[in-house]
Every structure is written in structure tokens, then in C-alpha cells.
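Next up, input.txt (compact mmCIF, C-alpha atoms):
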# COMPACT_ATOMS: atom_id res chain seq x y z
CA MET A 1 -4.80 19.08 -0.69
CA THR A 2 -5.30 20.38 2.85
CA PRO A 3 -6.33 24.01 3.59
CA ALA A 4 -2.95 24.58 5.25
CA ALA A 5 -1.23 23.74 1.97
CA TRP A 6 -3.08 26.63 0.30
CA THR A 7 -2.23 29.25 2.93
CA SER A 8 1.30 28.21 3.95
CA TRP A 9 4.43 29.71 2.43
CA PRO A 10 7.17 27.57 0.93
CA SER A 11 9.82 26.88 3.57
CA ARG A 12 12.66 29.35 3.99
CA GLU A 13 15.11 26.68 2.86
CA ALA A 14 13.06 26.31 -0.33
CA LEU A 15 12.90 30.06 -1.01
CA ALA A 16 16.57 30.72 -0.22
CA ARG A 17 19.28 30.10 -2.76
CA ASP A 18 21.73 28.64 -0.25
CA THR A 19 20.52 25.09 -0.85
CA ARG A 20 21.42 25.18 -4.52
CA ARG A 21 24.68 23.75 -5.75
CA ARG A 22 27.12 26.05 -7.45
CA SER A 23 26.73 24.35 -10.83
CA ARG A 24 22.96 24.68 -10.65
CA THR A 25 23.22 28.36 -9.75
CA VAL A 26 25.59 29.01 -12.67
CA ILE A 27 23.22 27.27 -15.10
CA ALA A 28 20.21 29.22 -13.75
CA TRP A 29 21.92 32.60 -14.11
CA SER A 30 23.26 31.67 -17.53
CA VAL A 31 19.74 30.87 -18.72
CA ARG A 32 18.44 34.15 -17.30
CA ALA A 33 21.24 36.13 -18.93
CA GLY A 34 20.55 34.40 -22.25
CA LEU A 35 16.82 35.07 -22.09
CA LEU A 36 17.42 38.71 -21.14
CA THR A 37 19.83 39.15 -24.04
CA LEU A 38 17.38 37.61 -26.51
CA MET A 39 14.57 39.75 -25.14
CA LEU A 40 16.56 42.96 -25.46
CA TRP A 41 17.79 42.01 -28.90
CA GLY A 42 14.32 41.12 -30.15
CA THR A 43 12.82 44.27 -28.64
CA PHE A 44 15.26 47.01 -29.58
CA THR A 45 16.50 45.82 -32.98
CA GLY A 46 14.71 46.41 -36.26
CA GLY A 47 14.61 50.21 -36.07
CA ARG A 48 11.25 50.42 -34.31
CA PHE A 49 12.61 52.57 -31.49
CA GLY A 50 14.72 55.67 -31.47
CA PRO A 51 17.82 56.24 -29.31
CA TRP A 52 15.94 57.92 -26.46
CA GLU A 53 13.27 55.27 -26.48
CA ILE A 54 15.97 52.59 -26.22
CA VAL A 55 17.52 54.39 -23.24
CA ILE A 56 14.14 54.65 -21.52
CA GLY A 57 13.51 50.97 -22.27
CA LEU A 58 16.85 49.93 -20.73
CA LEU A 59 16.05 52.00 -17.64
CA GLY A 60 12.71 50.21 -17.47
CA VAL A 61 14.49 46.85 -17.64
CA LEU A 62 16.77 47.95 -14.75
CA VAL A 63 13.75 49.01 -12.66
CA CYS A 64 12.07 45.66 -13.36
CA ALA A 65 15.23 43.85 -12.26
CA LEU A 66 15.27 45.81 -8.98
CA LEU A 67 11.58 45.07 -8.44
CA ALA A 68 12.22 41.36 -9.04
CA ILE A 69 15.07 41.35 -6.50
CA ALA A 70 12.83 43.11 -3.95
CA PHE A 71 10.07 40.58 -4.66
CA PHE A 72 12.46 37.70 -3.98
CA ARG A 73 13.50 39.25 -0.66
CA THR A 74 9.96 39.97 0.55
CA THR A 75 8.86 36.43 -0.27
CA LEU A 76 11.90 35.14 1.61
CA ASP A 77 10.63 37.07 4.66
CA ASN A 78 7.05 35.80 4.09
CA ARG A 79 5.64 39.33 3.68
CA LEU A 80 2.50 38.79 1.63
CA TRP A 81 1.20 42.28 0.88
CA PRO A 82 4.58 43.80 -0.08
CA SER A 83 5.18 40.76 -2.29
CA LEU A 84 1.81 41.17 -4.00
CA GLY A 85 2.45 44.90 -4.41
CA LEU A 86 5.80 44.29 -6.10
CA LEU A 87 4.26 41.62 -8.31
CA ALA A 88 1.52 44.09 -9.30
CA LEU A 89 4.19 46.66 -10.24
CA LEU A 90 5.91 44.08 -12.42
CA MET A 91 2.61 43.28 -14.12
CA LEU A 92 2.01 47.00 -14.60
CA ALA A 93 5.47 47.24 -16.21
CA ALA A 94 4.49 44.37 -18.51
CA PHE A 95 1.30 46.19 -19.44
CA GLY A 96 3.32 49.34 -20.18
CA ALA A 97 5.75 47.36 -22.33
CA GLY A 98 2.83 45.96 -24.29
CA GLU A 99 1.40 49.45 -24.85
CA ALA A 100 4.83 50.61 -26.05
CA ARG A 101 4.85 47.86 -28.69
CA ALA A 102 7.60 45.96 -26.82
CA THR A 103 5.69 42.70 -27.23
CA THR A 104 8.64 40.43 -26.48
CA ALA A 105 9.44 42.18 -23.19
CA ALA A 106 5.78 42.17 -22.18
CA THR A 107 5.48 38.44 -22.92
CA VAL A 108 8.60 37.63 -20.88
CA LEU A 109 7.35 39.71 -17.94
CA TRP A 110 3.86 38.17 -17.98
CA CYS A 111 5.28 34.62 -18.14
CA GLY A 112 7.89 35.36 -15.47
CA CYS A 113 5.25 36.78 -13.12
CA ALA A 114 3.04 33.72 -13.68
CA VAL A 115 5.76 31.19 -12.94
CA THR A 116 7.33 33.09 -10.02
CA ALA A 117 4.00 33.73 -8.28
CA LEU A 118 3.18 30.04 -8.33
CA GLU A 119 6.69 29.14 -7.16
CA ARG A 120 7.20 31.58 -4.27
CA LEU A 121 3.79 32.67 -2.95
CA PRO A 122 1.20 30.74 -0.94
CA LEU A 123 -1.07 28.92 -3.38
CA ALA A 124 -4.10 30.92 -2.21
CA ALA A 125 -2.36 34.11 -3.40
CA GLY A 126 -0.11 32.70 -6.10
CA THR A 127 -2.87 30.94 -8.08
CA PRO A 128 -4.98 34.12 -8.71
CA ALA A 129 -1.82 36.08 -9.52
CA THR A 130 -0.78 33.41 -12.00
CA ALA A 131 -4.26 33.43 -13.55
CA VAL A 132 -4.10 37.21 -14.03
CA ALA A 133 -0.62 37.03 -15.57
CA LEU A 134 -1.54 34.18 -17.92
CA GLY A 135 -4.78 35.96 -18.91
CA ALA A 136 -2.80 39.04 -19.89
CA TYR A 137 -0.32 36.81 -21.72
CA ALA A 138 -3.16 35.25 -23.70
CA MET A 139 -4.34 38.72 -24.69
CA VAL A 140 -0.95 39.86 -26.03
CA ASN A 141 -0.08 36.53 -27.62
CA THR A 142 -0.83 36.38 -31.34
CA ASP A 143 -0.75 32.57 -31.68
CA ASP A 144 -3.90 30.49 -32.05
CA TRP A 145 -5.83 29.64 -28.87
CA THR A 146 -4.60 26.01 -28.82
CA THR A 147 -0.94 27.03 -28.73
CA THR A 148 -1.71 29.72 -26.16
CA ALA A 149 -3.57 27.25 -23.94
CA ILE A 150 -0.78 24.69 -24.16
CA THR A 151 1.83 27.37 -23.36
CA ALA A 152 -0.22 28.60 -20.37
CA ALA A 153 -0.61 25.05 -19.07
CA GLY A 154 3.11 24.50 -19.49
CA LEU A 155 3.89 27.67 -17.56
CA CYS A 156 1.58 26.56 -14.72
CA LEU A 157 3.24 23.17 -14.67
CA ALA A 158 6.69 24.77 -14.70
CA GLY A 159 5.86 27.03 -11.76
CA TYR A 160 4.42 24.19 -9.70
CA VAL A 161 7.32 21.86 -10.54
CA LEU A 162 9.79 24.57 -9.49
CA ARG A 163 7.85 24.93 -6.24
CA LEU A 164 7.97 21.18 -5.58
CA ASP A 165 11.66 21.04 -6.48
CA ALA A 166 12.44 23.90 -4.10
CA GLU A 167 10.46 22.20 -1.33
CA ALA A 168 12.34 18.96 -1.92
CA ARG A 169 15.66 20.77 -1.69
CA GLY A 170 14.49 22.55 1.44
CA SER A 171 13.42 19.29 3.06
CA ALA A 172 16.78 17.72 2.19
CA GLN A 173 18.59 20.70 3.71
CA ARG A 174 16.53 20.47 6.91
CA LEU A 175 17.24 16.75 7.19
CA LEU A 176 20.94 17.42 6.65
CA ASP A 177 20.93 20.11 9.36
CA GLN A 178 19.13 17.77 11.75
CA GLU A 179 21.62 15.00 11.04
CA ARG A 180 24.53 17.34 11.67
CA ALA A 181 22.94 18.53 14.93
CA ALA A 182 22.38 14.91 15.98
CA ARG A 183 26.02 14.06 15.27
CA VAL A 184 27.20 17.07 17.26
CA ALA A 185 24.94 16.10 20.17
CA GLU A 186 26.18 12.52 19.97
CA ALA A 187 29.80 13.69 20.02
CA GLU A 188 29.10 15.98 22.99
CA THR A 189 27.41 13.13 24.84
CA ALA A 190 30.36 10.82 24.17
CA ALA A 191 32.79 13.52 25.35
CA LEU A 192 30.73 14.11 28.50
CA ASP A 193 30.68 10.36 29.23
CA GLU A 194 34.45 10.19 28.79
CA ARG A 195 34.97 13.21 31.04
CA SER A 196 32.71 11.61 33.66
CA ARG A 197 34.78 8.44 33.50
CA ILE A 198 37.99 10.42 33.93
CA ALA A 199 36.41 12.35 36.81
CA ARG A 200 35.52 9.10 38.56
CA GLU A 201 39.08 7.84 38.16
CA ILE A 202 40.53 11.08 39.54
CA HIS A 203 38.05 11.06 42.42
CA ASP A 204 38.78 7.45 43.31
CA VAL A 205 42.55 7.92 43.23
CA LEU A 206 43.72 11.51 43.68
CA ALA A 207 40.88 12.92 45.79
CA HIS A 208 40.91 9.95 48.16
CA SER A 209 44.69 10.17 48.42
CA LEU A 210 44.60 13.88 49.25
CA SER A 211 41.83 13.34 51.80
CA ALA A 212 43.92 10.63 53.50
CA GLN A 213 46.95 12.92 53.51
CA LEU A 214 44.91 15.63 55.21
CA VAL A 215 43.86 13.21 57.91
CA HIS A 216 47.44 12.04 58.52
CA LEU A 217 48.86 15.57 58.45
CA GLU A 218 46.24 16.75 60.94
CA ALA A 219 47.09 13.81 63.20
CA ALA A 220 50.80 14.62 62.84
CA ARG A 221 50.12 18.25 63.76
CA LEU A 222 48.26 17.24 66.91
CA LEU A 223 51.06 14.86 67.92
CA ILE A 224 53.79 17.44 67.33
CA GLU A 225 51.93 20.08 69.34
CA ARG A 226 52.07 17.75 72.34
CA GLU A 227 55.87 17.74 72.25
CA PRO A 228 57.92 20.23 74.31
CA ALA A 229 58.50 23.55 72.54
CA GLY A 230 61.80 23.92 70.74
CA GLU A 231 63.41 25.11 67.54
CA PHE A 232 63.29 21.68 65.88
CA ARG A 233 59.72 21.03 67.00
CA ASP A 234 58.52 24.46 65.79
CA GLU A 235 60.19 23.98 62.39
CA VAL A 236 58.64 20.55 61.91
CA LEU A 237 55.23 21.88 62.99
CA GLN A 238 55.51 24.74 60.51
CA ARG A 239 56.33 22.31 57.68
CA VAL A 240 53.44 20.02 58.59
CA VAL A 241 51.01 22.93 58.75
CA ALA A 242 52.23 24.15 55.35
CA ALA A 243 51.90 20.66 53.90
CA ARG A 244 48.37 20.40 55.30
CA SER A 245 47.45 23.75 53.76
CA MET A 246 48.85 22.65 50.39
CA ALA A 247 46.95 19.37 50.58
CA ARG A 248 43.73 21.22 51.42
CA GLU A 249 44.23 23.60 48.47
CA GLY A 250 45.08 20.67 46.21
CA LEU A 251 41.90 18.87 47.26
CA SER A 252 39.84 21.99 46.61
CA GLU A 253 41.42 22.40 43.16
CA THR A 254 40.83 18.72 42.43
CA ARG A 255 37.16 19.05 43.30
CA GLN A 256 36.84 22.08 41.03
CA ALA A 257 38.48 20.13 38.21
CA LEU A 258 36.13 17.22 38.80
CA SER A 259 33.13 19.56 38.66
CA ALA A 260 34.42 21.00 35.38
CA LEU A 261 34.87 17.51 33.91
CA ARG A 262 31.31 16.60 34.91
CA GLY A 263 29.93 19.85 33.49
CA GLU A 264 28.81 21.04 36.93
CA VAL A 265 30.81 24.26 37.02
CA SER A 266 29.27 27.19 38.86
CA PRO A 267 29.11 30.57 37.06
CA VAL A 268 32.47 32.29 36.78
CA GLU A 269 31.24 35.48 38.43
CA ASP A 270 30.12 33.52 41.51
CA PHE A 271 33.53 31.88 41.72
CA LEU A 272 35.30 35.25 41.51
CA ARG A 273 33.14 36.74 44.27
CA GLN A 274 33.84 33.73 46.47
CA LEU A 275 37.55 33.96 45.64
CA VAL A 276 37.86 37.53 46.95
CA THR A 277 35.63 37.13 50.00
CA ALA A 278 38.47 37.74 52.46
CA GLU A 279 40.29 40.31 50.29
CA PRO A 280 39.99 44.07 49.83
CA ALA A 281 38.74 43.43 46.32
CA GLU A 282 35.89 44.34 44.00
CA VAL A 283 34.35 42.22 41.25
CA ARG A 284 32.67 43.94 38.30
CA VAL A 285 30.67 41.99 35.71
CA GLU A 286 29.82 43.60 32.36
CA GLY A 287 27.91 42.34 29.33
CA GLU A 288 25.19 39.74 28.99
CA GLN A 289 26.05 36.75 31.18
CA ARG A 290 25.95 33.29 29.59
CA ALA A 291 27.28 29.80 30.13
CA LEU A 292 30.92 29.28 29.10
CA THR A 293 32.69 26.24 27.81
CA ALA A 294 34.54 24.17 30.40
CA GLN A 295 37.94 25.14 28.93
CA ALA A 296 37.21 28.87 28.91
CA SER A 297 35.70 28.76 32.40
CA GLN A 298 38.67 26.91 33.87
CA THR A 299 41.16 29.25 32.20
CA VAL A 300 39.42 32.32 33.65
CA ARG A 301 39.36 30.73 37.10
CA ARG A 302 43.03 29.72 37.00
CA VAL A 303 44.17 33.16 35.85
CA ALA A 304 42.08 34.87 38.54
CA GLN A 305 43.58 32.60 41.21
CA GLU A 306 47.11 33.16 39.94
CA ALA A 307 46.72 36.92 39.71
CA LEU A 308 45.26 37.14 43.21
CA THR A 309 48.03 34.90 44.61
CA ASN A 310 50.67 37.16 43.05
CA VAL A 311 49.00 40.21 44.60
CA ARG A 312 49.08 38.52 48.03
CA LYS A 313 52.73 37.63 47.55
CA HIS A 314 54.13 40.82 46.01
CA ALA A 315 51.63 43.53 46.97
CA PRO A 316 50.03 42.53 50.29
CA GLY A 317 47.24 44.83 51.33
CA ALA A 318 46.77 46.24 47.84
CA ARG A 319 43.22 46.79 46.64
CA VAL A 320 42.21 44.54 43.75
CA VAL A 321 39.60 45.17 41.05
CA MET A 322 38.49 42.19 38.95
CA ARG A 323 36.53 43.08 35.81
CA LEU A 324 34.78 40.28 33.94
CA GLU A 325 33.34 41.33 30.56
CA TYR A 326 31.14 39.12 28.40
CA GLN A 327 31.67 39.99 24.75
CA SER A 328 29.86 38.69 21.70
CA ASP A 329 32.71 36.36 20.70
CA GLY A 330 34.67 35.92 23.90
CA ILE A 331 35.21 36.82 27.53
CA VAL A 332 37.72 39.23 29.08
CA LEU A 333 39.12 39.10 32.61
CA GLU A 334 41.14 42.03 33.91
CA VAL A 335 42.76 41.91 37.35
CA ARG A 336 44.19 45.25 38.49
CA ASP A 337 45.80 46.02 41.85
CA SER A 338 46.64 49.35 43.47
CA GLY A 339 50.33 48.57 43.82
CA GLY A 340 52.64 47.22 46.50
CA ARG A 341 56.21 46.88 47.52
CA GLY A 342 57.17 43.97 45.22
CA PRO A 343 58.95 44.58 41.88
CA ALA A 344 56.55 44.32 38.95
CA GLY A 345 58.73 41.89 37.01
CA ASP A 346 58.33 39.25 39.71
CA LEU A 347 54.60 39.11 39.08
CA ALA A 348 55.06 37.49 35.69
CA VAL A 349 56.46 34.31 37.17
CA SER A 350 55.05 31.61 39.34
CA GLY A 351 52.65 31.71 42.21
CA SER A 352 50.43 28.93 43.63
CA GLY A 353 52.09 26.37 41.37
CA TYR A 354 50.77 27.64 38.02
CA GLY A 355 52.49 30.85 36.96
CA LEU A 356 51.20 33.45 34.55
CA LEU A 357 53.57 32.15 31.90
CA GLY A 358 51.77 28.81 32.08
CA MET A 359 48.45 30.61 32.01
CA ARG A 360 49.54 32.50 28.89
CA GLU A 361 50.27 29.21 27.17
CA ARG A 362 46.91 27.88 28.30
CA ALA A 363 45.11 30.92 26.88
CA GLU A 364 46.97 30.62 23.56
CA LEU A 365 45.89 26.99 23.25
CA LEU A 366 42.29 28.24 23.29
CA GLY A 367 43.06 30.94 20.72
CA GLY A 368 43.16 33.69 23.34
CA THR A 369 45.74 36.06 24.78
CA LEU A 370 47.09 36.95 28.21
CA GLU A 371 48.98 40.15 28.93
CA ALA A 372 50.63 41.03 32.24
CA GLY A 373 52.53 44.19 33.08
CA PRO A 374 52.67 47.37 35.16
CA GLY A 375 49.63 49.61 35.12
CA GLU A 376 49.03 53.17 36.19
CA GLU A 377 49.26 52.28 39.88
CA GLY A 378 50.11 48.62 40.29
CA PHE A 379 50.08 45.52 38.13
CA VAL A 380 47.51 44.51 35.51
CA VAL A 381 46.70 41.03 34.22
CA SER A 382 44.41 40.93 31.18
CA LEU A 383 43.03 37.70 29.75
CA ARG A 384 40.87 37.27 26.65
CA VAL A 385 39.63 33.90 25.41
CA PRO A 386 36.99 32.95 22.83
CA ALA A 387 33.78 31.71 24.43

Just dump the structure as C-alpha cells.
Amino acid sequence: MTPAAWTSWPSREALARDTRRRSRTVIAWSVRAGLLTLMLWGTFTGGRFGPWEIVIGLLGVLVCALLAIAFFRTTLDNRLWPSLGLLALLMLAAFGAGEARATTAATVLWCGCAVTALERLPLAAGTPATAVALGAYAMVNTDDWTTTAITAAGLCLAGYVLRLDAEARGSAQRLLDQERAARVAEAETAALDERSRIAREIHDVLAHSLSAQLVHLEAARLLIEREPAGEFRDEVLQRVVAARSMAREGLSETRQALSALRGEVSPVEDFLRQLVTAEPAEVRVEGEQRALTAQASQTVRRVAQEALTNVRKHAPGARVVMRLEYQSDGIVLEVRDSGGRGPAGDLAVSGSGYGLLGMRERAELLGGTLEAGPGEEGFVVSLRVPA
């Protein structure tokens, strides 16, 4: 056995009760309840103790139970000295029970301390503690020395077997957790590969098509500008310029979608600051910033774009405040404007081809909410999605 094996604690998975099956837990507690009942029955029956002595004895049993629970928790946290102190108090309680002629209770406490110390403490500390407990047990035991020695050896074996069993369960739990993590990573890798494939398809088809449209629309604009001025010419030029602007916006949106599919999305707060560069707007970021999922990030971006487009359309010149708050279980985006000349009800419908109604549906698909309505001065759009 290596020196590290003597000084190392049992793993947390071994010390915790989470790795036990429900049936095993029920059996363990049933055995404990049965042993406690037999101990109390054997101790307090027979008329050896008066009523007040029985009450004091039951209080002592309750205190020992609390000390045992505290001992289990301190060993779970790998706190050696508090664990040894609690174990010493339990042994002191066993000594007191022996002095009070509660031999059965003292025997159970000594044996329990011996087995538990070997099961839950480092061997360098658990072995001496077990030796002390078994030595005291041998002193209070009235059987012959052969029976006492066999019982002590059995208790040592029981404690060590329980330790090995707990370590085996802990190792199995760690392997199971690693396997689950590997499966999750494999699924994420497969999803990323599929998104990359879709991104390549979109880039090869849609992005190239929009880029070609921009080239042709720019050439058409230059040709139309060479024609003599007139009502028909100006109207056609206006339509071509609008179509070119829409194609440019569509190409920009397509590139953002491609970046999201490839997992190359820039932080949301950077996108918001870039979005309001040419606007009388302010961006406030609250909470601890962290990476968001692609779905949550895209939803926040789309809602911010839609809200800002509605402000441009219905409240031109209004001051906008965008507040992005990182919460423990989600992210909140609030877009508030100072008011304009457009009716508030119009802001709940479309703008830039998406519409807040569509954004509300998108947020609900992620388990979030989107609220839009008049505020104290202007219009307020509030989005919350899990992230």
C-alpha cells in the first residue's frame, strides 16, 4: 500500500449517499432503525433505570445522533480535526454510557465508532481511532478473549469492506459522469459539424446570390444615373437604391447567421454597441458577462434590431437606452425610447421584416418572454430568455 493511500480521504462520491440506490438506502436505514430499537429496548427495560434516567438517556441518544450526523458532514468536506473531535465526543459518550451501566449502548457506540472511522477517515487517522474504539470495546465486553478478538477482527473487516465498497461505487459514479460528459461533447461536436455544413451551403448559395445582386444593382444604379432626369427615371432609381440597400442588409444578416451557425458569434454587448453607433442611444450592461448559447444570442440580437428599427420608423430622433442584464439563469434585454410622434400600437407590428410578434414567438420557443408596450415616456420592449 502506497503512502498516499494512508493519507488520502475516500473520494467525495464514496462518502456521499447520492451514489446509493434507493433500495439500498432503505435497507441501510431499516437496519439502523432496528439496531437502535433493540439497543434502546435492551438498555431501558428491566427496571434498572428510573423515569428521569430514561429521559436523560434518550436525550443522550439524540445528542449522539446529532454528533454522528455532524461527523458524516465533516468527513464529506474532508475536515480532519473536526471529524476527529466529533469522533472523540462519540467515544466519550460511549464511555459515559458504560459508566452509567448502559452496557448495550456503550457497546453499540464503540463498535459504530470503530467501523465508521475505518470507513470514512484517512487510514492514517482512522486506524488509530479504530484501535482505540476496539480496545474500549474489549474492556467492556464480558465474553472470553477469543470471541472478543474474533468480533474485533470482524468489525475491522466490516469497516474496510464498507470503505472498499464505497470507493467502488464512487469510481463507478465518476466513470458514469465521464461517459455522460463524453456523450454530451460528442453530441455537441456532431451538432457543430452539422451547423458548419449548413453554413457552407448557405454561404455557397444565398450569400453568393446576394453578393451578385449587389453587383448588378450597383451597375443598374450607375446606368440609370446616366439617363436624363425625369419622374420615371427618378422613381426607378429610388427603387433600385432601395433594393440595393435591402440586399446589403440581407447579406449582412446572412453573414451574422453564418457566424452563429459556426459558433463564431461576437459578444452580444459588442453587437449592441455597434448597432447604435449612428444613433442617439446608450447601451448599459449589468451582471457578470458570459458566453451565451447561439439561440439566445441570436434572439437578443434580432429583438434589438427590431426594436431599434421601430424607433427609427415611429419615433425618429428619440433617445434610446438599451439595458442588457446577465442574470444567473437567463439574460434580459430592455429597449426604451424617449417617445416620438408615432402611435404606440404600431410598434408591436412589423419592422425590418421580422416584427416583434415574430420575436415574441421566437422567445417563447426558447422558454422566454417578450413584452412590448408604452412606457413612462415612450415605448418599451423587454425580452427575457434562459441562457

Requested in this report: Write out as number ranges by chain which residues come within 8 Å of stretch 73-80 of chain A when counting only C-alpha atoms, dropping same-chain ones fewer than 3 positions away.
Outcome: A: 9, 12, 15-16, 69-70, 83-84, 120-121

Could you tell me, as an mmCIF file with C-alpha atoms, keeping the file's coordinate frame, which residues have any atom at most 12 Å from (39.4, 11.0, 42.6), counting all atoms listed in the file?
data_model
loop_
_atom_site.group_PDB
_atom_site.id
_atom_site.type_symbol
_atom_site.label_atom_id
_atom_site.label_comp_id
_atom_site.auth_asym_id
_atom_site.auth_seq_id
_atom_site.Cartn_x
_atom_site.Cartn_y
_atom_site.Cartn_z
ATOM 1 C CA SER A 196 32.710 11.610 33.660
ATOM 2 C CA ARG A 197 34.780 8.440 33.500
ATOM 3 C CA ILE A 198 37.990 10.420 33.930
ATOM 4 C CA ALA A 199 36.410 12.350 36.810
ATOM 5 C CA ARG A 200 35.520 9.100 38.560
ATOM 6 C CA GLU A 201 39.080 7.840 38.160
ATOM 7 C CA ILE A 202 40.530 11.080 39.540
ATOM 8 C CA HIS A 203 38.050 11.060 42.420
ATOM 9 C CA ASP A 204 38.780 7.450 43.310
ATOM 10 C CA VAL A 205 42.550 7.920 43.230
ATOM 11 C CA LEU A 206 43.720 11.510 43.680
ATOM 12 C CA ALA A 207 40.880 12.920 45.790
ATOM 13 C CA HIS A 208 40.910 9.950 48.160
ATOM 14 C CA SER A 209 44.690 10.170 48.420
ATOM 15 C CA LEU A 210 44.600 13.880 49.250
ATOM 16 C CA SER A 211 41.830 13.340 51.800
ATOM 17 C CA ALA A 212 43.920 10.630 53.500
ATOM 18 C CA GLY A 250 45.080 20.670 46.210
ATOM 19 C CA LEU A 251 41.900 18.870 47.260
ATOM 20 C CA SER A 252 39.840 21.990 46.610
ATOM 21 C CA GLU A 253 41.420 22.400 43.160
ATOM 22 C CA THR A 254 40.830 18.720 42.430
ATOM 23 C CA ARG A 255 37.160 19.050 43.300
ATOM 24 C CA GLN A 256 36.840 22.080 41.030
ATOM 25 C CA ALA A 257 38.480 20.130 38.210
ATOM 26 C CA LEU A 258 36.130 17.220 38.800
ATOM 27 C CA SER A 259 33.130 19.560 38.660
ATOM 28 C CA LEU A 261 34.870 17.510 33.910
#

Query - Å distance separating atom CA of A:Arg273 from atom CA of A:Val320, one decimal place - result: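 Atom-to-atom, atom CA of A:Arg273 and atom CA of A:Val320 are spaced 12.0 Å apart.
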
Requested in this report: For atom CA of A:Ala100 and atom CA of A:Leu87, quote the distance in Å rounded to one decimal.
Outcome: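 Between these atoms lies a distance of 19.9 Å.
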
Requested in this report: With a distance cut-off of 12 Å and only C-alpha atoms, select the neighbouring residues of A:Thr127, excluding the residue or stretch itself and same-chain residues fewer than 2 positions from it, and output the selection as a PyMOL selection string.
Outcome: chain A and resi 6-7+84+113-125+129-134+156-157+159-160

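The nearest approach to A:Gly368 among the residues A:Arg384, A:Asn141, A:Val215, A:Ala94, with only C-alpha atoms taken into account, belongs to A:Arg384.
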
Query raised in the report: Expressed in Å to a single decimal, how great is the separation between atom CA of A:Ala106 and atom CA of A:Leu86?
Result: 16.2 Å

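Across A:Ala88, A:Met359, A:Leu272, A:Val381, the tightest approach to A:Gly126 is made by A:Ala88 when counting all atoms listed in the file.
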
Query - Contacts of A:Ser338 at 6 Å (only C-alpha atoms; same-chain gap of 6+ positions) as a ChimeraX atom specification - result: /A:318-319,377-378

Excluding stretch 231-237 of chain A and any residue of its chain fewer than 3 positions from it, enumerate the residues within 12 Å of it, using all atoms listed in the file, and give them as a PDB file with C-alpha atoms, in the frame of the given file.
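So the final result, stored in part-v5.pdb, reads:
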ATOM      1  CA  LEU A 217      48.860  15.570  58.450  1.00  0.00           C
ATOM      2  CA  GLU A 218      46.240  16.750  60.940  1.00  0.00           C
ATOM      3  CA  ALA A 219      47.090  13.810  63.200  1.00  0.00           C
ATOM      4  CA  ALA A 220      50.800  14.620  62.840  1.00  0.00           C
ATOM      5  CA  ARG A 221      50.120  18.250  63.760  1.00  0.00           C
ATOM      6  CA  LEU A 222      48.260  17.240  66.910  1.00  0.00           C
ATOM      7  CA  LEU A 223      51.060  14.860  67.920  1.00  0.00           C
ATOM      8  CA  ILE A 224      53.790  17.440  67.330  1.00  0.00           C
ATOM      9  CA  GLU A 225      51.930  20.080  69.340  1.00  0.00           C
ATOM     10  CA  ARG A 226      52.070  17.750  72.340  1.00  0.00           C
ATOM     11  CA  GLU A 227      55.870  17.740  72.250  1.00  0.00           C
ATOM     12  CA  PRO A 228      57.920  20.230  74.310  1.00  0.00           C
ATOM     13  CA  VAL A 240      53.440  20.020  58.590  1.00  0.00           C
ATOM     14  CA  VAL A 241      51.010  22.930  58.750  1.00  0.00           C
ATOM     15  CA  ALA A 242      52.230  24.150  55.350  1.00  0.00           C
ATOM     16  CA  ALA A 243      51.900  20.660  53.900  1.00  0.00           C
ATOM     17  CA  ARG A 244      48.370  20.400  55.300  1.00  0.00           C
TER      18      ARG A 244
END

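Proximity of A:Ala5, A:Leu365, A:Ala182, A:Leu383 to A:Ile331, computed with only C-alpha atoms, is greatest for A:Leu383.
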
Query raised in the report: Got a sec: who's within 8 Å of A:Leu366, counting all atoms listed in the file, leaving out chain neighbours fewer than 5 positions off, as a list in words?
Result: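 Here the answer would be Gln295, Ala296, Val385 and Pro386 of chain A.
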